[in-house]
Amino acid sequence: MRSNYVDLHCHLDLYPDFVSAVQDAERAGVYTLTVTTTPKAWPRNREVTEKTHYVRAALGLHPQLVGERADEIPLWDQYLPEARYIGEVGIDAGPRYYRSLDIQKEVFQHVLQKCAINRNKILSVHSVRSAKVVLDLIEHHLPPTAGMVVLHWFTGSVAEAHRAIDLGCYFSVNSEMMLNEKGRRIIATMPDDRILTETDGPFTKVNERAARPSDIGRTVEAIAGLRKSSIEEVELDIARNFKTLLEIRSIDGN
Ligand code: MN
């Protein structure tokens with residue numbers, strides 16, 4: 001049985017040739033979620049992924065852009081009913097974005113509340129230096145009965161990872177997370193039924209070039225090595241988790 005690979009967080013519209021990046025993922029047969037950084041990118045992303053089998057676009061407003069682009073929230077709201085997948089959204093409390101932290105929190109709360117009302121959304125969430133506040137907001141505004149959260153490139157503590165698991169969150173893991181001990185420890189504690197894979201390309205590299213969804217097999221191998229499982233087991237876990245994530249429907253949604 002061939003289990004399809006999954007790249008749950010990639011920015012295909014930031015590659016030099018967006019259309020050929022989508023075609024590469026299609027040819028490779030990798031289920032790819034291409035996230036966006038501004039709602040202005042949504043119409044083109046929707047168009048390019050309309051007829052693809054493996055690639056889907058997500059409606060985003062990147063936390064690193066919220067400081068300058070909070071005025072695009074009405075546009076994000078306008079497109080929300082068209083989008084099943086939401087991202088990249090979240091909070092970045094790193095030094096470069098600290099100044100916009102208050103507005104980022106407001107925007108992320110707004111995103112979660114709107115997703116809870118619209119139901120059945122799947123969110124790819126950024127939480128750099130902000131795992132606690134991200135989890136607090138998810139706990140209060142988007143219970144797992146209202147929508148599903150995938151924490152992308154999670155760098156919180158092991159205790160925060162456990163809290164995220166209790167809140168029903170999934171994790172998408174990339175190969176750069178395995179370069180440090182903290183990341184490896186976090187990945188080792190993730191339950192088999194919550195782990196997914198991502199490249200976060202073009203922000204991660206493979207042999208000096210931007211990683212692509214077709215590179216995701218390397219991440220699967222590295223996870224298997226780290227968790228002392230076989231590659232086949234990790235492939236099956238990820239394929240099953242991806243299927244479960246897509247099938248979950250909110251309890252009183254439709
Ligand atoms: Mn990203």
# chains A, B, ... in the order shown; residues from 1 in each chain; ligands from 1
>>> residues_around(residues="Thr199 (chain A)", least_positions_apart="2", cutoff="10 Å", atoms="only C-alpha atoms", output="ChimeraX atom specification")
/A:6-11,32,152-153,172-176,197,201-206,210-216,218-219
>>> select_by_dssp(residues="region 6-223 of chain A", states="strand (DSSP E or B)", output="CSV table (one decimal) with N, CA, C and O atoms, in the first residue's frame")
chain,number,residue,atom,x,y,z
A,6,VAL,N,2.2,14.1,3.2
A,6,VAL,CA,1.5,15.3,3.5
A,6,VAL,C,2.4,16.4,3.8
A,6,VAL,O,3.3,16.2,4.6
A,7,ASP,N,2.2,17.6,3.2
A,7,ASP,CA,2.9,18.8,3.6
A,7,ASP,C,1.9,19.8,4.0
A,7,ASP,O,1.2,20.4,3.2
A,8,LEU,N,1.7,19.9,5.3
A,8,LEU,CA,0.5,20.6,5.8
A,8,LEU,C,0.8,22.1,6.0
A,8,LEU,O,-0.1,22.9,6.4
A,9,HIS,N,2.0,22.6,5.6
A,9,HIS,CA,2.3,24.0,5.7
A,9,HIS,C,3.5,24.4,4.8
A,9,HIS,O,4.6,24.1,5.1
A,10,CYS,N,3.1,25.0,3.7
A,10,CYS,CA,4.1,25.4,2.7
A,10,CYS,C,3.6,26.6,2.1
A,10,CYS,O,2.4,26.9,2.0
A,31,TYR,N,-0.1,15.5,-0.6
A,31,TYR,CA,-1.2,16.4,-0.1
A,31,TYR,C,-0.6,17.6,0.5
A,31,TYR,O,0.1,17.5,1.5
A,32,THR,N,-0.8,18.8,-0.1
A,32,THR,CA,-0.1,20.0,0.3
A,32,THR,C,-1.1,21.1,0.6
A,32,THR,O,-2.1,21.3,-0.1
A,33,LEU,N,-0.9,21.7,1.8
A,33,LEU,CA,-1.7,22.9,2.1
A,33,LEU,C,-0.8,24.1,1.9
A,33,LEU,O,0.3,24.2,2.6
A,34,THR,N,-1.2,24.9,0.9
A,34,THR,CA,-0.4,26.1,0.6
A,34,THR,C,-1.0,27.2,1.4
A,34,THR,O,-2.1,27.6,1.1
A,55,VAL,N,-3.4,19.6,-4.0
A,55,VAL,CA,-3.0,20.9,-3.4
A,55,VAL,C,-4.3,21.7,-3.0
A,55,VAL,O,-5.2,21.8,-3.8
A,56,ARG,N,-4.3,22.2,-1.8
A,56,ARG,CA,-5.4,23.1,-1.3
A,56,ARG,C,-4.8,24.4,-0.8
A,56,ARG,O,-3.7,24.3,-0.2
A,57,ALA,N,-5.5,25.5,-0.9
A,57,ALA,CA,-5.0,26.8,-0.4
A,57,ALA,C,-5.7,27.1,0.9
A,57,ALA,O,-6.8,26.7,1.2
A,59,LEU,N,-6.5,30.4,3.7
A,59,LEU,CA,-6.7,31.8,3.8
A,59,LEU,C,-6.0,32.3,5.0
A,59,LEU,O,-6.3,31.9,6.1
A,85,TYR,N,-9.7,25.8,4.8
A,85,TYR,CA,-8.4,25.9,5.5
A,85,TYR,C,-8.0,27.3,5.7
A,85,TYR,O,-8.1,28.2,4.9
A,86,ILE,N,-7.5,27.5,6.9
A,86,ILE,CA,-7.1,28.9,7.4
A,86,ILE,C,-5.6,28.9,7.8
A,86,ILE,O,-5.2,28.0,8.6
A,87,GLY,N,-4.9,29.8,7.3
A,87,GLY,CA,-3.5,29.9,7.7
A,87,GLY,C,-2.7,30.7,6.6
A,87,GLY,O,-3.1,30.8,5.5
A,88,GLU,N,-1.7,31.3,6.9
A,88,GLU,CA,-1.0,31.2,8.2
A,88,GLU,C,-1.6,32.3,9.1
A,88,GLU,O,-1.6,33.5,8.7
A,89,VAL,N,-2.0,31.9,10.3
A,89,VAL,CA,-2.5,32.8,11.3
A,89,VAL,C,-1.8,32.5,12.6
A,89,VAL,O,-1.1,31.4,12.7
A,90,GLY,N,-2.0,33.3,13.6
A,90,GLY,CA,-1.4,33.0,14.9
A,90,GLY,C,-0.7,34.3,15.5
A,90,GLY,O,-1.1,35.4,15.3
A,91,ILE,N,0.3,34.0,16.4
A,91,ILE,CA,1.0,35.1,17.1
A,91,ILE,C,2.5,34.9,17.0
A,91,ILE,O,2.9,33.8,17.1
A,92,ASP,N,3.2,36.0,16.8
A,92,ASP,CA,4.7,36.0,16.9
A,92,ASP,C,5.1,37.0,17.9
A,92,ASP,O,5.0,38.2,17.7
A,121,LYS,N,-13.5,24.5,10.2
A,121,LYS,CA,-12.3,25.0,9.6
A,121,LYS,C,-11.1,24.3,10.1
A,121,LYS,O,-11.1,23.8,11.3
A,122,ILE,N,-10.0,24.2,9.3
A,122,ILE,CA,-8.8,23.6,9.8
A,122,ILE,C,-7.7,24.7,9.7
A,122,ILE,O,-7.5,25.3,8.6
A,123,LEU,N,-7.1,25.0,10.8
A,123,LEU,CA,-6.2,26.1,10.9
A,123,LEU,C,-4.7,25.7,11.1
A,123,LEU,O,-4.4,24.8,11.9
A,124,SER,N,-3.9,26.4,10.4
A,124,SER,CA,-2.4,26.2,10.5
A,124,SER,C,-1.9,27.4,11.3
A,124,SER,O,-1.9,28.5,10.8
A,125,VAL,N,-1.4,27.2,12.5
A,125,VAL,CA,-1.2,28.2,13.5
A,125,VAL,C,0.3,28.4,13.9
A,125,VAL,O,1.0,27.4,14.2
A,126,HIS,N,0.7,29.6,13.8
A,126,HIS,CA,2.1,30.0,14.1
A,126,HIS,C,2.1,30.5,15.6
A,126,HIS,O,1.2,31.2,16.0
A,127,SER,N,3.1,30.1,16.4
A,127,SER,CA,3.1,30.4,17.8
A,127,SER,C,4.5,30.7,18.4
A,127,SER,O,4.8,30.3,19.5
A,128,VAL,N,5.3,31.4,17.6
A,128,VAL,CA,6.7,31.7,18.0
A,128,VAL,C,6.7,32.5,19.3
A,128,VAL,O,6.0,33.6,19.4
A,147,GLY,N,-13.7,23.5,15.5
A,147,GLY,CA,-12.7,23.6,14.5
A,147,GLY,C,-11.4,22.9,14.9
A,147,GLY,O,-11.3,22.6,16.1
A,148,MET,N,-10.5,22.6,13.9
A,148,MET,CA,-9.3,21.9,14.3
A,148,MET,C,-8.1,22.8,14.1
A,148,MET,O,-8.0,23.5,13.1
A,149,VAL,N,-7.2,22.7,15.1
A,149,VAL,CA,-6.0,23.5,15.0
A,149,VAL,C,-4.8,22.6,14.8
A,149,VAL,O,-4.6,21.5,15.5
A,150,VAL,N,-3.9,23.0,13.9
A,150,VAL,CA,-2.6,22.3,13.7
A,150,VAL,C,-1.6,23.3,14.0
A,150,VAL,O,-1.5,24.4,13.4
A,151,LEU,N,-0.8,23.1,15.0
A,151,LEU,CA,0.3,24.0,15.4
A,151,LEU,C,1.5,23.7,14.5
A,151,LEU,O,2.0,22.6,14.5
A,152,HIS,N,1.9,24.7,13.8
A,152,HIS,CA,2.9,24.6,12.8
A,152,HIS,C,4.3,25.0,13.5
A,152,HIS,O,4.3,26.0,14.2
A,170,TYR,N,-3.3,19.3,16.8
A,170,TYR,CA,-2.3,18.5,16.0
A,170,TYR,C,-1.0,19.3,15.9
A,170,TYR,O,-1.0,20.5,16.1
A,171,PHE,N,0.0,18.7,15.4
A,171,PHE,CA,1.3,19.4,15.2
A,171,PHE,C,1.8,19.0,13.8
A,171,PHE,O,1.8,17.9,13.4
A,172,SER,N,2.3,20.1,13.1
A,172,SER,CA,3.0,19.7,11.8
A,172,SER,C,4.5,20.0,12.0
A,172,SER,O,4.9,21.1,12.4
A,173,VAL,N,5.3,19.0,11.7
A,173,VAL,CA,6.7,19.0,12.1
A,173,VAL,C,7.5,19.1,10.8
A,173,VAL,O,7.2,18.5,9.8
A,195,ILE,N,0.6,13.7,15.1
A,195,ILE,CA,1.7,14.2,14.3
A,195,ILE,C,1.4,14.3,12.8
A,195,ILE,O,0.8,13.4,12.3
A,196,LEU,N,1.8,15.4,12.2
A,196,LEU,CA,1.7,15.6,10.8
A,196,LEU,C,3.1,16.2,10.3
A,196,LEU,O,3.9,16.5,11.1
A,197,THR,N,3.2,16.3,9.0
A,197,THR,CA,4.5,16.8,8.5
A,197,THR,C,4.3,18.1,7.7
A,197,THR,O,3.2,18.3,7.1
A,205,LYS,N,15.4,24.8,4.0
A,205,LYS,CA,16.2,24.4,2.8
A,205,LYS,C,16.5,23.0,2.7
A,205,LYS,O,16.6,22.3,3.8
A,206,VAL,N,16.7,22.5,1.5
A,206,VAL,CA,17.2,21.2,1.2
A,206,VAL,C,18.4,21.4,0.3
A,206,VAL,O,18.2,21.9,-0.8
A,209,ARG,N,18.7,24.8,-1.4
A,209,ARG,CA,17.6,25.4,-2.2
A,209,ARG,C,16.4,25.3,-1.3
A,209,ARG,O,16.3,24.6,-0.3
A,210,ALA,N,15.3,26.0,-1.7
A,210,ALA,CA,14.1,26.0,-0.9
A,210,ALA,C,13.5,24.6,-0.9
A,210,ALA,O,13.4,24.0,-2.0
>>> atom_distance(atom1="CA of Val48 (chain A)", atom2="CA of Lys243 (chain A)")
23.2 Å
>>> closest_residue(among="A:Asp200, A:Glu233, A:Glu68, A:Asp166", to="ligand 1", atoms="only C-alpha atoms and all ligand atoms")
A:Asp200
>>> select_by_dssp(residues="region 2-242 of chain A", states="alpha helix (DSSP H)", output="ChimeraX atom specification")
/A:18-28,42-48,66-69,73-79,101-118,131-141,158-166,181-189,216-227,231-242
>>> closest_residue(among="A:Asp192, A:Ala159, A:Val66, A:Lys228", to="Glu106 (chain A)", atoms="only C-alpha atoms")
A:Val66
>>> decode(residues="region 111-131 of chain A", atoms="C-alpha atoms", output="compact mmCIF listing (two decimals), in the first residue's frame")
# COMPACT_ATOMS: atom_id res chain seq x y z
CA VAL A 111 -9.87 34.73 13.58
CA LEU A 112 -10.70 32.03 16.14
CA GLN A 113 -14.12 33.49 16.90
CA LYS A 114 -15.03 33.76 13.23
CA CYS A 115 -13.83 30.20 12.62
CA ALA A 116 -15.93 28.98 15.55
CA ILE A 117 -19.02 30.62 14.04
CA ASN A 118 -18.31 29.36 10.52
CA ARG A 119 -17.47 25.81 11.75
CA ASN A 120 -15.35 22.98 10.36
CA LYS A 121 -12.27 25.03 9.56
CA ILE A 122 -8.77 23.58 9.75
CA LEU A 123 -6.20 26.12 10.94
CA SER A 124 -2.42 26.19 10.52
CA VAL A 125 -1.19 28.23 13.49
CA HIS A 126 2.10 30.04 14.15
CA SER A 127 3.07 30.39 17.83
CA VAL A 128 6.65 31.69 18.01
CA ARG A 129 7.46 32.66 21.63
CA SER A 130 3.73 32.75 22.28
CA ALA A 131 2.60 29.17 22.92
